[in-house]
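Participant: First the structure, then my questions, so here it is.
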Amino acid sequence: MKLNRRPIEANKISVELLDKFPIYITRDLQTAKQWLRVKERGTRRIGIIASSGAKRIQSDGINLLNIGDEPNWFLNGPDDIRSSFYLELAATEFGIQGLEIDWAGLCWEADLRFIEGNWNFHKFSGTKWSNVHKQDAQTYLINKYRVLLTRAREGMVIWIPAGNDADATRLKEFYDGTADYLKSCGITEL
C-alpha cells in the first residue's frame, strides 16, 4: 500500500498481490466484520486495528484498546470479549507495533484524509477536529498508518466510515476522498 500518492504504481502492485495477499475496502463496518469472521478458521486470529487518533469510531461501537490490555487482545480466545476475535476493541499502532495478526480489519479514521490529491492531517480534541500543521506530527500520522497497513499476515479489509452529515465530527467529506484514493490504488470494494 502506497501512501506517497502514486496510485498507478500501487494499482499495478495490488493486481499482482490480490491472490497472495487480499486487500479489500468497504464503507460498511458490518461487511468488514463479516469478511473477517469468514477468515476465522483454526488458529487464525482476526481483529480490528486503528490509529490511536481514531476517536470517532466509538460512534460505530468500536473502542480503542487501552495500553496494557494487549495480552488479552492477542492471546485470549473467541469466547472472551477482551480478545481480538470479538471485533469490538481496536488495537492501535502502539499495541500492535512489532506484532502481527492473521487477518486484520483496519479502521481508517478522519485523522488522515485524502482530499484533492493530498493527505490532510487532523487531530481530534474535545469536540472537533483540528488541522495538524507541524511537519513532524504529519510524518508521525503517515507512519501510524504505515504501521497499521503492515500488521496483517494473510490479508486485510479496510473499513472507511461512510460518514454522517448530521454529525459535524463525521462528515462524509472527511472520508470520501480517502476511499476514492484507495480504490484508485487498486483496492477492490466489498
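Starting from 1 in every chain, residues are counted up; chains themselves are A, B, ... following the order of the C-alpha cells, and ligands are numbered from 1 as listed.
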Find the residues around A:Gln34 up to 12 Å (only C-alpha atoms counted), leave out those fewer than 2 positions away in its own chain, and share them as a compact mmCIF listing (two decimals) with C-alpha atoms, in the first residue's frame.
Facilitator:
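The file below, selection_27.txt, is the result:
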# COMPACT_ATOMS: atom_id res chain seq x y z
CA THR A 26 -15.65 -1.31 2.50
CA ASP A 28 -19.79 -0.66 5.96
CA LEU A 29 -18.43 -1.91 9.29
CA GLN A 30 -20.70 -4.96 9.37
CA THR A 31 -19.39 -6.02 5.94
CA ALA A 32 -15.82 -5.74 7.26
CA LEU A 36 -13.15 -11.18 8.98
CA ARG A 37 -15.40 -13.79 10.59
CA VAL A 38 -15.24 -15.89 7.42
CA LYS A 39 -11.45 -15.88 7.74
CA GLU A 40 -11.53 -17.10 11.36
CA ILE A 46 -8.79 -11.93 13.34
CA GLY A 47 -9.01 -8.45 14.80
CA PHE A 85 -11.96 -12.14 17.97
CA TYR A 86 -14.84 -10.14 19.42
CA LEU A 87 -14.22 -7.30 16.90
CA GLY A 105 -9.73 -5.07 9.78
CA VAL A 157 -10.13 -5.33 4.88
CA TRP A 159 -13.19 -0.01 6.65
CA LEU A 190 -16.54 -5.45 -0.96
Participant: Would you pick out the contacts of stretch 112-119 of chain A at 9 Å or less, using only C-alpha atoms, so that residues sharing its chain but fewer than 4 positions from it are not included, and give the list as a short mmCIF file (atom, residue, chain, number, x, y, z; two decimals) with N, CA and C atoms, in the first residue's frame?
Facilitator:
data_model
loop_
_atom_site.label_atom_id
_atom_site.label_comp_id
_atom_site.auth_asym_id
_atom_site.auth_seq_id
_atom_site.Cartn_x
_atom_site.Cartn_y
_atom_site.Cartn_z
N LEU A 3 1.37 5.19 0.43
CA LEU A 3 0.80 6.40 1.00
C LEU A 3 1.44 7.63 0.39
N ASN A 4 2.33 7.41 -0.58
CA ASN A 4 3.08 8.54 -1.13
C ASN A 4 2.51 9.03 -2.46
N ARG A 5 1.23 8.89 -2.65
CA ARG A 5 0.47 9.45 -3.79
C ARG A 5 0.99 8.97 -5.14
N TRP A 108 -10.12 3.10 9.13
CA TRP A 108 -9.43 4.32 8.66
C TRP A 108 -10.26 5.52 9.09
N LYS A 123 -6.26 16.13 14.09
CA LYS A 123 -6.27 15.58 15.44
C LYS A 123 -7.61 15.92 16.07
N LEU A 141 1.81 10.90 11.68
CA LEU A 141 0.49 10.40 11.28
C LEU A 141 0.58 9.43 10.11
N ILE A 142 1.35 9.78 9.10
CA ILE A 142 1.56 8.88 7.96
C ILE A 142 2.17 7.57 8.44
N TYR A 145 -0.23 5.01 10.00
CA TYR A 145 -0.97 4.20 9.04
C TYR A 145 -0.07 3.20 8.32
N GLU A 173 -17.52 14.10 3.72
CA GLU A 173 -16.35 14.64 3.01
C GLU A 173 -15.04 14.28 3.71
N PHE A 174 -15.08 13.96 4.99
CA PHE A 174 -13.87 13.56 5.70
C PHE A 174 -13.35 12.20 5.23
N TYR A 175 -14.25 11.39 4.68
CA TYR A 175 -13.93 10.00 4.35
C TYR A 175 -13.94 9.68 2.86
N ASP A 176 -14.76 10.37 2.09
CA ASP A 176 -14.95 10.00 0.69
C ASP A 176 -13.67 10.06 -0.14
N GLY A 177 -12.87 11.09 0.04
CA GLY A 177 -11.65 11.23 -0.74
C GLY A 177 -10.66 10.10 -0.46
N THR A 178 -10.58 9.67 0.78
CA THR A 178 -9.68 8.57 1.15
C THR A 178 -10.15 7.28 0.50
N ALA A 179 -11.45 7.03 0.56
CA ALA A 179 -11.99 5.81 -0.07
C ALA A 179 -11.73 5.83 -1.57
N ASP A 180 -11.97 6.95 -2.20
CA ASP A 180 -11.75 7.05 -3.65
C ASP A 180 -10.27 6.86 -3.99
N TYR A 181 -9.39 7.43 -3.19
CA TYR A 181 -7.96 7.29 -3.43
C TYR A 181 -7.53 5.83 -3.31
#
Participant: Name the residues in contact with A:Thr188 at a cut-off of 9 Å, using only C-alpha atoms, excluding same-chain residues fewer than 6 positions from it; report them as a list of chain:residue names.
Facilitator: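 Listing them by chain and then by number gives A:Ile23, A:Tyr24, A:Ile25, A:Thr26, A:Leu182.
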Participant: Wanna dump the stretch 104-151 of chain A-stretch 62-76 of chain A contacts at 12 Å for me, each residue with its shortest atom pair and the distance in Å to one decimal, counting only C-alpha atoms, ordered by chain and number, as a Markdown table?
Facilitator:
| residue | atom | partner | partner_atom | distance |
| --- | --- | --- | --- | --- |
| A:Gly105 | CA | A:Ile62 | CA | 11.6 |
| A:Leu106 | CA | A:Ile62 | CA | 11.5 |
| A:Cys107 | CA | A:Ile62 | CA | 9.2 |
| A:Glu109 | CA | A:Ile62 | CA | 11.7 |
Participant: Between A:Lys183, A:Arg170, A:Arg153, A:Lys144, which residue has the minimum interatomic distance to A:Ile57, considering only C-alpha atoms?
Facilitator: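 Of A:Lys183, A:Arg170, A:Arg153, A:Lys144, the one nearest A:Ile57, counting only C-alpha atoms, is A:Arg170.
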Participant: List every residue of stretch 12-185 of chain A that DSSP, applied to the backbone of this structure, assigns to helix (DSSP H, G or I), and report them as number ranges by chain.
Facilitator: A: 12-17, 29-39, 55-60, 70-75, 84-86, 93-96, 135-149, 173-184
Participant: Filtering to C-alpha atoms, could you give me those residues as a compact mmCIF listing (two decimals), in the first residue's frame?
Facilitator:
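The result, written out as part-v1.txt:
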# COMPACT_ATOMS: atom_id res chain seq x y z
CA LYS A 12 -0.05 -2.47 -10.58
CA ILE A 13 1.25 -3.93 -7.33
CA SER A 14 -2.23 -4.63 -5.98
CA VAL A 15 -3.13 -6.67 -9.08
CA GLU A 16 -0.08 -8.86 -8.51
CA LEU A 17 -0.75 -9.28 -4.78
CA LEU A 29 -18.43 -1.91 9.29
CA GLN A 30 -20.70 -4.96 9.37
CA THR A 31 -19.39 -6.02 5.94
CA ALA A 32 -15.82 -5.74 7.26
CA LYS A 33 -16.68 -7.79 10.35
CA GLN A 34 -18.44 -10.44 8.28
CA TRP A 35 -15.43 -10.73 5.96
CA LEU A 36 -13.15 -11.18 8.98
CA ARG A 37 -15.40 -13.79 10.59
CA VAL A 38 -15.24 -15.89 7.42
CA LYS A 39 -11.45 -15.88 7.74
CA LYS A 55 -11.50 8.92 18.30
CA ARG A 56 -14.82 8.94 16.43
CA ILE A 57 -15.08 5.21 15.58
CA GLN A 58 -16.67 4.82 19.00
CA SER A 59 -19.90 6.07 17.43
CA ASP A 60 -19.90 2.78 15.48
CA GLU A 70 -2.77 -6.21 24.60
CA PRO A 71 -2.17 -9.65 26.16
CA ASN A 72 -5.93 -10.24 26.43
CA TRP A 73 -6.48 -8.98 22.87
CA PHE A 74 -3.69 -11.10 21.36
CA LEU A 75 -3.89 -14.26 23.45
CA SER A 84 -9.39 -9.58 19.10
CA PHE A 85 -11.96 -12.14 17.97
CA TYR A 86 -14.84 -10.14 19.42
CA GLU A 93 -0.28 1.33 16.41
CA PHE A 94 1.14 1.30 19.95
CA GLY A 95 -0.34 -2.06 20.88
CA ILE A 96 0.37 -3.83 17.61
CA GLN A 135 5.81 18.55 9.70
CA ASP A 136 6.97 16.12 12.40
CA ALA A 137 3.40 15.47 13.50
CA GLN A 138 2.30 14.95 9.89
CA THR A 139 5.10 12.45 9.31
CA TYR A 140 4.10 10.67 12.50
CA LEU A 141 0.49 10.40 11.28
CA ILE A 142 1.56 8.88 7.96
CA ASN A 143 3.81 6.46 9.81
CA LYS A 144 0.94 5.38 12.08
CA TYR A 145 -0.97 4.20 9.04
CA ARG A 146 2.13 2.56 7.56
CA VAL A 147 2.46 0.52 10.75
CA LEU A 148 -1.22 -0.42 10.66
CA LEU A 149 -1.11 -1.36 6.98
CA GLU A 173 -16.35 14.64 3.01
CA PHE A 174 -13.87 13.56 5.70
CA TYR A 175 -13.93 10.00 4.35
CA ASP A 176 -14.95 10.00 0.69
CA GLY A 177 -11.65 11.23 -0.74
CA THR A 178 -9.68 8.57 1.15
CA ALA A 179 -11.99 5.81 -0.07
CA ASP A 180 -11.75 7.05 -3.65
CA TYR A 181 -7.96 7.29 -3.43
CA LEU A 182 -7.55 3.76 -2.06
CA LYS A 183 -9.82 2.42 -4.80
CA SER A 184 -7.68 4.24 -7.38
Participant: Kindly give the distance, in Å, that separates atom CA of A:Arg27 and atom CA of A:Arg151, rounded to a single decimal.
Facilitator: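 Calculated distance between atom CA of A:Arg27 and atom CA of A:Arg151 is 20.5 Å.
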Participant: State, in Å with one decimal place, the distance from atom CA of A:Ala104 to atom CA of A:Val132.
Facilitator: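 Rounded to one decimal, the two atoms are 27.4 Å apart.
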Participant: Determine which residues of chain A receive a DSSP assignment of strand (DSSP E), computed from the backbone, and state them as a PyMOL selection string.
Facilitator: chain A and resi 23-26+46-50+63-64+89-91+101-107+112-115+118-125+128-131+152-159+188-189
Participant: Could you tell me how far atom CA of A:Lys134 lies from atom CA of A:Asp167, in Å and to one decimal?
Facilitator: 27.1 Å
Participant: I want to know what sits within 10 Å of A:Ala168, based on only C-alpha atoms, with residues of the same chain fewer than 4 positions away left out; could you give that as a PyMOL selection string?
Facilitator: chain A and resi 127-129+163-164+172+174
Participant: Next, the residues of the selection above should be written as a compact mmCIF listing (two decimals), in the first residue's frame with C-alpha atoms.
Facilitator:
# COMPACT_ATOMS: atom_id res chain seq x y z
CA THR A 127 -15.44 18.13 20.35
CA LYS A 128 -13.80 18.82 16.99
CA TRP A 129 -11.05 18.02 14.53
CA GLY A 163 -19.72 9.43 7.34
CA ASN A 164 -22.78 11.21 8.60
CA LYS A 172 -18.94 12.35 4.58
CA PHE A 174 -13.87 13.56 5.70
